file target-v1.txt (compact mmCIF, C-alpha atoms and all ligand atoms)
# COMPACT_ATOMS: atom_id res chain seq x y z
CA MET L 1 27.12 234.70 -190.86
CA VAL L 2 28.82 236.23 -193.88
CA HIS L 3 26.63 237.10 -196.85
CA ALA L 4 28.09 236.73 -200.31
CA GLU L 5 28.25 239.92 -202.36
CA ALA L 6 25.79 239.98 -205.23
CA GLY L 7 27.17 240.05 -208.75
CA PRO L 8 30.53 238.99 -210.14
CA LEU L 9 33.63 238.84 -207.96
CA PRO L 10 35.95 241.90 -208.13
CA GLY L 11 38.69 239.80 -209.72
CA LEU L 12 36.50 238.89 -212.67
CA PRO L 13 36.37 241.18 -215.71
CA THR L 14 32.56 241.15 -215.71
CA PHE L 15 32.67 243.03 -212.40
CA TYR L 16 33.86 246.18 -214.20
CA VAL L 17 31.32 246.14 -217.02
CA ARG L 18 28.21 244.80 -215.31
CA ASN L 19 26.13 247.92 -215.91
CA LEU L 20 26.42 251.28 -217.70
CA HIS L 21 27.41 253.25 -214.60
CA ILE L 22 30.14 250.84 -213.55
CA GLN L 23 31.41 250.46 -217.11
CA SER L 24 31.63 254.28 -217.40
CA GLU L 25 33.49 254.44 -214.11
CA ALA L 26 35.88 251.70 -215.25
CA THR L 27 36.61 253.72 -218.39
CA LEU L 28 37.30 256.77 -216.23
CA LEU L 29 39.66 254.71 -214.04
CA TRP L 30 41.42 253.50 -217.19
CA THR L 31 41.86 257.15 -218.25
CA PHE L 32 43.59 258.04 -214.98
CA LEU L 33 45.85 254.98 -215.25
CA TYR L 34 46.66 255.89 -218.84
CA ALA L 35 47.45 259.50 -217.92
CA ALA L 36 49.82 258.21 -215.24
CA GLU L 37 51.43 255.84 -217.78
CA VAL L 38 50.40 252.82 -215.73
CA LEU L 39 48.42 251.51 -218.72
CA ARG L 40 49.11 252.34 -222.32
CA LEU L 41 47.43 251.98 -225.67
CA SER L 42 48.60 249.32 -228.06
CA ASP L 43 47.33 248.03 -231.37
CA ASP L 44 45.47 245.19 -229.71
CA GLY L 45 43.92 247.02 -226.76
CA SER L 46 45.84 248.21 -223.76
CA ARG L 47 48.60 246.67 -221.74
CA ARG L 48 50.55 247.53 -218.67
CA THR L 49 53.79 249.38 -219.20
CA GLU L 50 57.11 247.60 -219.08
CA ALA L 51 58.08 249.32 -215.84
CA THR L 52 56.34 246.94 -213.46
CA HIS L 53 56.71 245.98 -209.85
CA ASN L 54 58.98 248.79 -208.89
CA LEU L 55 58.49 251.73 -206.56
CA GLU L 56 57.99 254.23 -209.36
CA PHE L 57 55.26 252.11 -210.94
CA ALA L 58 53.52 251.62 -207.59
CA THR L 59 53.69 255.35 -206.91
CA ARG L 60 52.16 256.16 -210.30
CA PHE L 61 49.38 253.63 -209.69
CA CYS L 62 48.65 255.09 -206.23
CA ASN L 63 48.64 258.66 -207.56
CA ALA L 64 46.32 257.73 -210.42
CA PHE L 65 43.97 255.89 -208.06
CA ASP L 66 43.96 258.84 -205.62
CA SER L 67 43.00 261.16 -208.49
CA TYR L 68 40.22 258.80 -209.56
CA GLN L 69 38.85 258.68 -205.99
CA PHE L 70 39.06 262.46 -205.72
CA VAL L 71 36.97 263.02 -208.86
CA VAL L 72 34.37 260.27 -208.58
CA VAL L 73 31.54 260.76 -206.11
CA ARG L 74 31.08 257.51 -204.17
CA PRO L 75 33.58 255.48 -206.24
CA ARG L 76 32.66 251.84 -206.69
CA ASN L 77 36.26 250.67 -206.96
CA THR L 78 38.31 250.28 -203.81
CA PHE L 79 42.09 250.29 -204.04
CA GLU L 80 41.99 246.49 -204.18
CA ARG L 81 39.46 246.53 -207.01
CA GLY L 82 41.62 249.08 -208.83
CA TRP L 83 44.54 246.70 -208.60
CA TYR L 84 42.39 243.79 -209.88
CA PHE L 85 41.33 246.07 -212.72
CA LEU L 86 44.97 246.59 -213.68
CA LYS L 87 45.65 242.86 -213.46
CA ALA L 88 42.63 242.11 -215.68
CA PHE L 89 44.15 244.36 -218.38
CA GLU L 90 47.49 242.66 -217.92
CA ARG L 91 45.83 239.26 -218.45
CA ARG L 92 43.92 240.74 -221.41
CA GLU L 93 40.59 239.89 -219.81
CA LEU L 94 39.62 243.56 -220.13
CA GLU L 95 40.38 245.65 -223.18
CA LEU L 96 39.38 248.87 -224.84
CA GLY L 97 36.62 248.81 -227.43
CA VAL L 98 35.96 251.55 -229.95
CA CYS L 99 32.38 252.79 -230.05
CA ARG L 100 30.76 252.44 -233.48
CA ARG L 101 28.68 255.58 -232.88
CA CYS L 102 31.05 258.15 -231.33
CA HIS L 103 34.40 256.39 -231.88
CA SER L 104 35.33 256.82 -228.21
CA ARG L 105 37.23 254.11 -226.44
CA TYR L 106 35.56 252.29 -223.58
CA VAL L 107 36.45 249.42 -221.24
CA ARG L 108 34.95 246.10 -222.26
CA ASP L 109 35.19 242.46 -221.29
CA ALA L 110 37.51 240.87 -223.87
CA CYS L 111 35.65 237.57 -223.70
CA GLN L 112 32.13 238.90 -224.26
CA VAL L 113 30.54 239.92 -227.53
CA ASP L 114 29.06 243.41 -227.35
CA ASN L 115 27.38 245.73 -229.85
CA HIS L 116 30.42 248.07 -229.99
CA GLU L 117 28.63 250.92 -228.22
CA CYS L 118 30.16 252.85 -225.35
CA PRO L 119 28.08 253.22 -222.17
CA GLN L 120 27.40 256.90 -222.92
CA CYS L 121 25.91 256.14 -226.35
CA LYS L 122 23.81 253.34 -224.85
CA LEU L 123 22.52 255.77 -222.24
CA LYS L 124 21.81 258.47 -224.85
CA ALA L 125 19.86 255.93 -226.88
CA LEU L 126 17.77 255.13 -223.83
CA GLN L 127 17.16 258.78 -222.95
CA GLY L 128 16.47 259.87 -226.53
CA SER L 129 13.82 257.33 -227.25
CA PRO L 130 11.79 256.42 -224.18
CA GLY L 131 10.49 252.92 -224.46
CA GLN L 132 12.63 252.35 -227.53
CA GLY L 133 15.83 251.35 -225.71
CA SER L 134 17.25 247.90 -226.03
CA ARG L 135 16.22 245.40 -223.41
CA SER L 136 19.81 244.79 -222.37
CA ALA L 137 20.41 248.52 -221.83
CA GLU L 138 17.24 248.77 -219.74
CA MET L 139 18.45 245.87 -217.67
CA ASP L 140 21.79 247.67 -217.23
CA ILE L 141 19.97 250.65 -215.72
CA GLN L 142 17.83 248.46 -213.49
CA SER L 143 20.85 246.60 -212.19
CA GLU L 144 22.35 249.95 -211.18
CA ASN L 145 20.51 249.64 -207.89
CA SER L 146 21.98 246.23 -207.20
CA PRO L 147 24.51 245.93 -204.35
CA THR L 148 28.13 246.51 -205.26
ZN ZN Z 1 29.82 256.04 -228.05

call {"tool": "encode", "arguments": {"input": "target-v1.txt", "output": "structure tokens", "more": "lines below"}}
Ligand SMILES: [Zn+2]
result
Amino acid sequence: MVHAEAGPLPGLPTFYVRNLHIQSEATLLWTFLYAAEVLRLSDDGSRRTEATHNLEFATRFCNAFDSYQFVVVRPRNTFERGWYFLKAFERRELELGVCRRCHSRYVRDACQVDNHECPQCKLKALQGSPGQGSRSAEMDIQSENSPT
């Protein structure tokens, strides 16, 4: 018997932003893909570069993903999930938001309304004021222990 994985499917944008840890990791993955010129910044978020579906592009994606896996302890994104992540940006289901507190960019679901706070600022708010954090942020932390 095969058990369904809890949470959103890896092809859905909500998979990459479902809690603070995973959203932070998605932003880190975006950074590696940006550094490798696989993704780029544009006025309306980020899009894949024009050089697609060729060997050079695939090599840059693989190198960026290898770097991400080297840096992150127990990465949540497999190679397949990394590729879905790229496709979600291409379809504009994921985009970069700009944090209203620290002005950093962070990965967000383009179809969901958020409070324009990056995961790090949400976490700082929780740590700085015990018991004062927002209910949604507390739920983000609690869901951290959910299966991936
Ligand atoms: Zn922030």

call {"tool": "residues_near_ligand", "arguments": {"input": "target-v1.txt", "ligand": "ligand ZN 1 (chain Z)", "cutoff": "12 Å", "atoms": "all atoms listed in the file", "output": "PDB file with C-alpha atoms, in the coordinates of the input"}}
result
ATOM      1  CA  LEU L  20      26.420 251.280-217.700  1.00  0.00           C
ATOM      2  CA  SER L  24      31.630 254.280-217.400  1.00  0.00           C
ATOM      3  CA  GLY L  97      36.620 248.810-227.430  1.00  0.00           C
ATOM      4  CA  VAL L  98      35.960 251.550-229.950  1.00  0.00           C
ATOM      5  CA  CYS L  99      32.380 252.790-230.050  1.00  0.00           C
ATOM      6  CA  ARG L 100      30.760 252.440-233.480  1.00  0.00           C
ATOM      7  CA  ARG L 101      28.680 255.580-232.880  1.00  0.00           C
ATOM      8  CA  CYS L 102      31.050 258.150-231.330  1.00  0.00           C
ATOM      9  CA  HIS L 103      34.400 256.390-231.880  1.00  0.00           C
ATOM     10  CA  SER L 104      35.330 256.820-228.210  1.00  0.00           C
ATOM     11  CA  ARG L 105      37.230 254.110-226.440  1.00  0.00           C
ATOM     12  CA  TYR L 106      35.560 252.290-223.580  1.00  0.00           C
ATOM     13  CA  VAL L 107      36.450 249.420-221.240  1.00  0.00           C
ATOM     14  CA  ASN L 115      27.380 245.730-229.850  1.00  0.00           C
ATOM     15  CA  HIS L 116      30.420 248.070-229.990  1.00  0.00           C
ATOM     16  CA  GLU L 117      28.630 250.920-228.220  1.00  0.00           C
ATOM     17  CA  CYS L 118      30.160 252.850-225.350  1.00  0.00           C
ATOM     18  CA  PRO L 119      28.080 253.220-222.170  1.00  0.00           C
ATOM     19  CA  GLN L 120      27.400 256.900-222.920  1.00  0.00           C
ATOM     20  CA  CYS L 121      25.910 256.140-226.350  1.00  0.00           C
ATOM     21  CA  LYS L 122      23.810 253.340-224.850  1.00  0.00           C
ATOM     22  CA  LEU L 123      22.520 255.770-222.240  1.00  0.00           C
ATOM     23  CA  LYS L 124      21.810 258.470-224.850  1.00  0.00           C
ATOM     24  CA  ALA L 125      19.860 255.930-226.880  1.00  0.00           C
TER      25      ALA L 125
END

call {"tool": "atom_distance", "arguments": {"input": "target-v1.txt", "atom1": "CA of Leu12 (chain L)", "atom2": "CA of Val38 (chain L)"}}
result
19.9 Å

call {"tool": "atom_distance", "arguments": {"input": "target-v1.txt", "atom1": "CA of Glu25 (chain L)", "atom2": "CA of Arg92 (chain L)"}}
result
18.7 Å

call {"tool": "atom_distance", "arguments": {"input": "target-v1.txt", "atom1": "CA of Gly82 (chain L)", "atom2": "CA of Phe15 (chain L)"}}
result
11.4 Å

call {"tool": "residues_around", "arguments": {"input": "target-v1.txt", "residues": "region 69-71 of chain L", "least_positions_apart": "5", "cutoff": "12 Å", "atoms": "all atoms listed in the file", "output": "PyMOL selection string"}}
result
chain L and resi 25-26+28-29+32+62-64+76-79+82
